[in-house]
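Engineer: Below you will find the structure I want to go over with you.
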Amino acid sequence: MLSFLKRLWRKPSRFTSRRKPIRTSRYSRPRLEILEDRLVLDAMAFSGIGTLAAPADWFDVANWTDLSGGADHIPTPADDVAIPGGVGVVSISGGRLAEVNSIVTVAGSTLIITSGPPQPSQLKIDNNPPTSGPPGFPLSPVPGSNYFGGSVIDAGLINLNSSGPGGTQAIFASGALIGPGDLNGNLDAGPNSSFTFAAGSTGEFTTGATLGTGSGSVIVSAAVQIDGTLQDNTMTMVLSGGLLSGPTATTGALDEYAIFSWLSGTLALGGGTTIEGSGELLASGAGAKALAGTLTNMSPLSRLDGGAPLSLGAPGIGPGTLISATGTLEISLPAITGVPGSLFSNLPLGTIQATSPASAPTVISAPFLNDGLLSVTSGAGLVLSNTAMGAAPDVLDGVFQLMGNVTLLGAFTSVNGFMLDSGPGFLEVGNPGGGGGTAVLTVPVGAIDTLEGNLEVNTFSTLTGGGEVDNPGYLQLDLSSSTVGLASYVQRSSGTLALAVGGGFGAPAALTVTGPAQMSGTLVLLGYTPMVGKSFKVVTAGAVSGHFDTIPDGMSETDTSTSITVTQVRPPA
C-alpha cells in the first residue's frame with residue numbers, strides 16, 4: 001500500500017484522468033475494502049498543483065484522488081483528507097463550505113481559506129471521535145488530531161465540530177497564518193474542541209483576525225504573533241508559549257472576553273492585553289511567566305496563582321505593567337518581580353486581594369501603586385518591597401482592608417493619604433521584630449492617613465512626613481522606631497496609641513509631632529511594667545491639646561502645652 005502511495009505522488013495525472021478509470025481485480029478489491037474499514041471511512045488525497053498567483057481549486061474533482069479505491073470526488077463530511085507536500089497552493093474560495101471528517105497537511109503545502117465573496121469561505125472539520133487519518137501520512141503528536149504541517153492562510157473561517165457533542169482537535173505544526181477575515185471569527189471551536197499552536201510552530205494572527213463563537217479552546221504552546229487587535233469572544237485561550245506583537249506592528253493587542261488561562265510563557269503585546277466583560281484571567285500553573293507591555297484586568301474576578309513568580313518585564317523586550325482597573329484581581333503567587341520601568345497598579349475602581357498564607361506570603365518587588373482597594377484575607381500575608389529596585393517610593397493610597405497582614409520593606413509614600421479600614425490585620429512598617437527589614441512610610445504635606453485599623457511601626461522603621469495621621473484605630477510604635485516630622489496627629493476617643501517599653505530602665509519610643517497633637521482615647525505600654533516612680537514622656541508636639549481617656553493601671557498623666565508624661569505611681573492592681 002505504501003509503495004502504491006509513493007507512485008501516486010510521482011504521477012498524479014495518471015490517477016486523476018477521467019478517460020481511463022482505475023480498475024481493481026476481484027482479488028484485490030476485498031483487501032482494499034477491509035483496509036478501508038479498518039483505517040478510515042474514506043481517504044482523499046489532493047494531487048493538483050497550484051501557486052499563490054493561481055492556486056489549485058479545492059472544489060475541482062480533477063485535483064483529488066480516492067485512496068480507498070472508490071471513485072474520485074470532492075471531499076465530503078465522511079472523508080479523511082490529506083494534502084501532501086509538493087502540491088503547491090490549495091484554495092477554498094468563493095464563499096463556499098469545504099466539510100471533511102479530518103485533515104492532514106504536510107510541510108511544503110499551503111492551504112488558503114479566502115474571505116469571500118460573497119461571504120467568508122469555510123473549512124469545517126467534523127470528526128467525533130477522531131479517526132486515525134489518511135493512511136501513509138504523518139499523524140499529529142496527539143494521535144487522531146487534525147494536523148496542519150504545512151502553511152495555513154485563513155482569511156475565512158476554520159470551524160471545529162461546532163455542533164457535535166464531542167470534541168475535535170487541530171494542531172498547527174508550523175507556518176500557520178491566521179486572518180484577516182470575518183469579524184465573526186476566523187477560528188471557531190465547538191465544545192471540548194481545540195486549536196493548538198504546537199511548540200516550534202510560527203503562528204500569526206494578522207490584522208482583523210478574531211476568535212469565533214465556539215466554546216472550545218485555542219492552545220498557544222509556541223510563540224504566536226498578533227498584528228492589530230485579536231478579539232476572543234467565547235473561547236478559552238491557553239498560553240504556555242508566547243503571544244507577541246507581530247514583526248510589522250508594535251501594537252498587537254488581545255481583547256479577552258472569555259477565559260485567558262496563562263500557564264507559562266511570555267505575554268508581550270505592544271497594544272496590551274485587556275480582560276474585560278465576562279472575561280477571566282487564570283494565571284495558574286507552575287511555569288514561569290513574563291509580562292512585557294500592559295495587562296489590564298476589567299473582569300469581575302481574575303486570579304494570579306500557581307507555583308512560579310510573575311516577572312513584569314522580559315529581557316530584550318521591555319518592562320511590563322499590570323493594572324487592576326475594575327473588578328477583583330486575586331493574587332497568590334510566590335512573587336511578582338519587575339525590571340526597571342515596570343509597574344503594578346491598582347486603580348481607584350480596582351481591587352487587589354492577597355490570599356497567600358502568612359507563612360509564605362506573596363512578595364511584590366515591582367514598583368507598586370495602590371489607589372483602589374487592597375485586601376488581605378484572613379490568615380494571608382503580603383509583602384511589598386521596593387528595596388531591590390532602587391526606584392522612587394511606592395505609592396500607597398486608597399483603602400486597606402486587612403484581615404491578614406501587609407509588611408512594607410523599603411520606602412513608601414501616601415501621596416493623597418490612605419484609609420486603613422477596620423479589621424484584625426496589621427499594616428507593618430518594616431519587619432515585625434526588626435528582622436533585618438526596615439521601612440519608611442511618608443505622609444506628605446496635605447495628605448491624611450486615617451487609621452481605623454492597625455498600623456505598627458517596627459524596630460528601626462519610621463513614620464514621617466509633613467502630613468497628618470488621624471487615628472480612630474490602633475497605632476503601635478516599637479522600640480527604636482520613630483515618628484519624624486509629622487505635621488499633626490489626631491487620636492480619637494476610639495483610638496489607641498501603643499508604645500513598646502524596653503526592659504530594665506528602657507524608655508518607650510515616644511510619639512513625636514512637629515505641629516499639633518490632639519489627644520484622647522487610650523494609651524497602652526507594651527512589654528514591661530515600670531518600677532514605681534518611673535516616668536516616661538510619651539508624646540512630644542509643637543502643641544498638645546486634650547489628654548488620654550485611659551492610661552495603664554497604676555499610672556498618672558502629666559500634660560503640658562507641648563508634651564504628655566506618664567508616671568508609675570503604684571503597682572498595677
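By order of appearance in the C-alpha cells: chains A, B, ..., then residues from 1 within every chain, and ligands from 1 in the order shown.
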Looking only at the backbone, which of the residues in segment 64-258 of chain A does DSSP tag as strand (DSSP E), as a PyMOL selection string?
Structural biologist: chain A and resi 64-66+80-83+89-92+97-100+102-105+110-113+122-125+146-148+151-154+157-160+169-172+176-178+187-189+194-197+204-205+210-211+217-220+223-226+229-232+236-239+242-245+253-256
Engineer: Do you know which residues are at most 9 Å from Pro367 of chain A counting only C-alpha atoms, after dropping those on the same chain fewer than 3 positions away, and could you put them as JSON, numbers by chain?
Structural biologist: {"A": [337, 338, 340, 341, 342, 343, 344, 345, 364, 384, 385, 386, 389, 391, 392, 393, 394, 395]}
Engineer: Do you have the atom CA of Ile153 of chain A-atom CA of Thr114 of chain A distance handy?
Structural biologist: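 Spanning atom CA of Ile153 of chain A to atom CA of Thr114 of chain A is a straight-line distance of 8.1 Å.
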Engineer: Near Val469 of chain A, within 8 Å and counting only C-alpha atoms, which residues show up once chain neighbours fewer than 3 positions away are dropped, as an mmCIF file with all heavy atoms, in the first residue's frame?
Structural biologist:
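What follows is the written file result-v3.cif:
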data_model
loop_
_atom_site.group_PDB
_atom_site.id
_atom_site.type_symbol
_atom_site.label_atom_id
_atom_site.label_comp_id
_atom_site.auth_asym_id
_atom_site.auth_seq_id
_atom_site.Cartn_x
_atom_site.Cartn_y
_atom_site.Cartn_z
ATOM 1 N N VAL A 443 4.059 60.445 55.045
ATOM 2 C CA VAL A 443 2.762 61.092 54.864
ATOM 3 C C VAL A 443 3.065 62.523 54.440
ATOM 4 O O VAL A 443 3.370 63.375 55.283
ATOM 5 C CB VAL A 443 1.928 61.079 56.156
ATOM 6 C CG1 VAL A 443 0.507 61.574 55.870
ATOM 7 C CG2 VAL A 443 1.900 59.692 56.765
ATOM 8 N N ILE A 448 -3.638 62.915 54.461
ATOM 9 C CA ILE A 448 -4.128 62.451 55.753
ATOM 10 C C ILE A 448 -4.255 60.932 55.686
ATOM 11 O O ILE A 448 -5.008 60.399 54.865
ATOM 12 C CB ILE A 448 -5.497 63.068 56.109
ATOM 13 C CG1 ILE A 448 -5.407 64.585 56.176
ATOM 14 C CG2 ILE A 448 -5.999 62.496 57.440
ATOM 15 C CD1 ILE A 448 -6.747 65.261 56.421
ATOM 16 N N ASP A 449 -3.505 60.227 56.526
ATOM 17 C CA ASP A 449 -3.643 58.782 56.658
ATOM 18 C C ASP A 449 -4.571 58.497 57.833
ATOM 19 O O ASP A 449 -4.304 58.934 58.968
ATOM 20 C CB ASP A 449 -2.292 58.121 56.900
ATOM 21 C CG ASP A 449 -1.440 58.063 55.638
ATOM 22 O OD1 ASP A 449 -1.944 58.464 54.572
ATOM 23 O OD2 ASP A 449 -0.284 57.622 55.722
ATOM 24 N N THR A 450 -5.652 57.792 57.551
ATOM 25 C CA THR A 450 -6.654 57.506 58.576
ATOM 26 C C THR A 450 -6.518 56.057 59.011
ATOM 27 O O THR A 450 -6.584 55.135 58.191
ATOM 28 C CB THR A 450 -8.075 57.767 58.036
ATOM 29 O OG1 THR A 450 -8.169 59.131 57.616
ATOM 30 C CG2 THR A 450 -9.109 57.503 59.118
ATOM 31 N N LEU A 451 -6.352 55.849 60.331
ATOM 32 C CA LEU A 451 -6.101 54.521 60.880
ATOM 33 C C LEU A 451 -7.331 54.012 61.618
ATOM 34 O O LEU A 451 -7.445 54.170 62.836
ATOM 35 C CB LEU A 451 -4.902 54.559 61.834
ATOM 36 C CG LEU A 451 -3.634 55.278 61.345
ATOM 37 C CD1 LEU A 451 -2.543 55.195 62.396
ATOM 38 C CD2 LEU A 451 -3.172 54.708 60.017
ATOM 39 N N LEU A 486 6.008 64.601 61.412
ATOM 40 C CA LEU A 486 4.570 64.619 61.164
ATOM 41 C C LEU A 486 4.004 65.999 61.488
ATOM 42 O O LEU A 486 4.268 66.561 62.554
ATOM 43 C CB LEU A 486 3.863 63.559 62.014
ATOM 44 C CG LEU A 486 4.076 62.100 61.624
ATOM 45 C CD1 LEU A 486 3.357 61.191 62.612
ATOM 46 C CD2 LEU A 486 3.580 61.832 60.212
ATOM 47 N N SER A 488 0.827 66.837 61.973
ATOM 48 C CA SER A 488 -0.196 66.807 63.026
ATOM 49 C C SER A 488 -0.641 65.374 63.275
ATOM 50 O O SER A 488 -0.486 64.488 62.423
ATOM 51 C CB SER A 488 -1.399 67.674 62.644
ATOM 52 O OG SER A 488 -2.031 67.174 61.481
ATOM 53 N N TYR A 489 -1.198 65.178 64.478
ATOM 54 C CA TYR A 489 -1.686 63.866 64.881
ATOM 55 C C TYR A 489 -2.982 64.067 65.640
ATOM 56 O O TYR A 489 -3.063 64.921 66.540
ATOM 57 C CB TYR A 489 -0.663 63.160 65.763
ATOM 58 C CG TYR A 489 -1.107 61.820 66.297
ATOM 59 C CD1 TYR A 489 -0.992 60.677 65.540
ATOM 60 C CD2 TYR A 489 -1.639 61.709 67.586
ATOM 61 C CE1 TYR A 489 -1.391 59.433 66.029
ATOM 62 C CE2 TYR A 489 -2.042 60.489 68.099
ATOM 63 C CZ TYR A 489 -1.916 59.341 67.307
ATOM 64 O OH TYR A 489 -2.312 58.132 67.799
ATOM 65 N N VAL A 490 -3.997 63.285 65.265
ATOM 66 C CA VAL A 490 -5.286 63.329 65.951
ATOM 67 C C VAL A 490 -5.603 61.921 66.413
ATOM 68 O O VAL A 490 -5.650 60.982 65.589
ATOM 69 C CB VAL A 490 -6.404 63.860 65.028
ATOM 70 C CG1 VAL A 490 -7.745 63.824 65.765
ATOM 71 C CG2 VAL A 490 -6.090 65.266 64.539
#
Engineer: Can you tell me, as a short mmCIF file (atom, residue, chain, number, x, y, z; two decimals) with C-alpha atoms, in the first residue's frame, what residues are no more than 10 Å from Ser493 of chain A when counting only C-alpha atoms, ignoring any on the same chain fewer than 3 positions away?
Structural biologist:
data_model
loop_
_atom_site.label_atom_id
_atom_site.label_comp_id
_atom_site.auth_asym_id
_atom_site.auth_seq_id
_atom_site.Cartn_x
_atom_site.Cartn_y
_atom_site.Cartn_z
CA ASN A 471 -6.10 57.59 64.50
CA PRO A 472 -9.53 56.26 65.46
CA GLY A 473 -7.99 52.77 65.44
CA VAL A 490 -5.29 63.33 65.95
CA THR A 496 -5.18 53.58 70.84
CA MET A 519 -5.18 63.52 72.18
CA SER A 520 -7.93 61.29 73.56
CA GLY A 521 -8.58 57.56 73.59
CA THR A 522 -6.25 55.00 75.13
CA PHE A 548 -5.72 60.25 77.16
CA ASP A 549 -9.06 58.94 78.38
CA THR A 550 -7.47 55.70 79.55
#
Engineer: Nearest to Pro300 of chain A: which of A:Ala314, A:Gly149, A:Pro55, A:Leu349 is it, counting only C-alpha atoms?
Structural biologist: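 For Pro300 of chain A, the nearest of the candidates is A:Leu349.
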Engineer: So that I can check the surroundings of Thr250 of chain A, please list as a VMD selection string every protein, DNA and RNA residue that reaches within 9 Å of it, counting only C-alpha atoms and ignoring chain neighbours fewer than 6 positions away.
Structural biologist: chain A and resid 227 to 228 244 269 to 271
Engineer: Rank A:Ile352, A:Val501, A:Leu408, A:Thr512 by their smallest atom-to-atom distance to Thr464 of chain A, using only C-alpha atoms, and report the top residue only.
Structural biologist: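 The closest residue to Thr464 of chain A is A:Thr512.
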Engineer: What is the atom CA of Gly252 of chain A-atom CA of Ser121 of chain A distance in Å, reported with one decimal?
Structural biologist: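 If I compute the distance from atom CA of Gly252 of chain A to atom CA of Ser121 of chain A, I get 25.3 Å.
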Engineer: Point out the residue among A:Leu511, A:Leu310, A:Leu304, A:Met237 with the least atom-to-atom distance to Ala292 of chain A, counting only C-alpha atoms.
Structural biologist: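 Under the stated criterion, the closest residue is A:Leu310.
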Engineer: For Glu557 of chain A, work out the shell of residues within 9 Å, counting only C-alpha atoms and skipping chain neighbours fewer than 4 positions away, then give it as a PyMOL selection string.
Structural biologist: chain A and resi 547-548+551+564-567
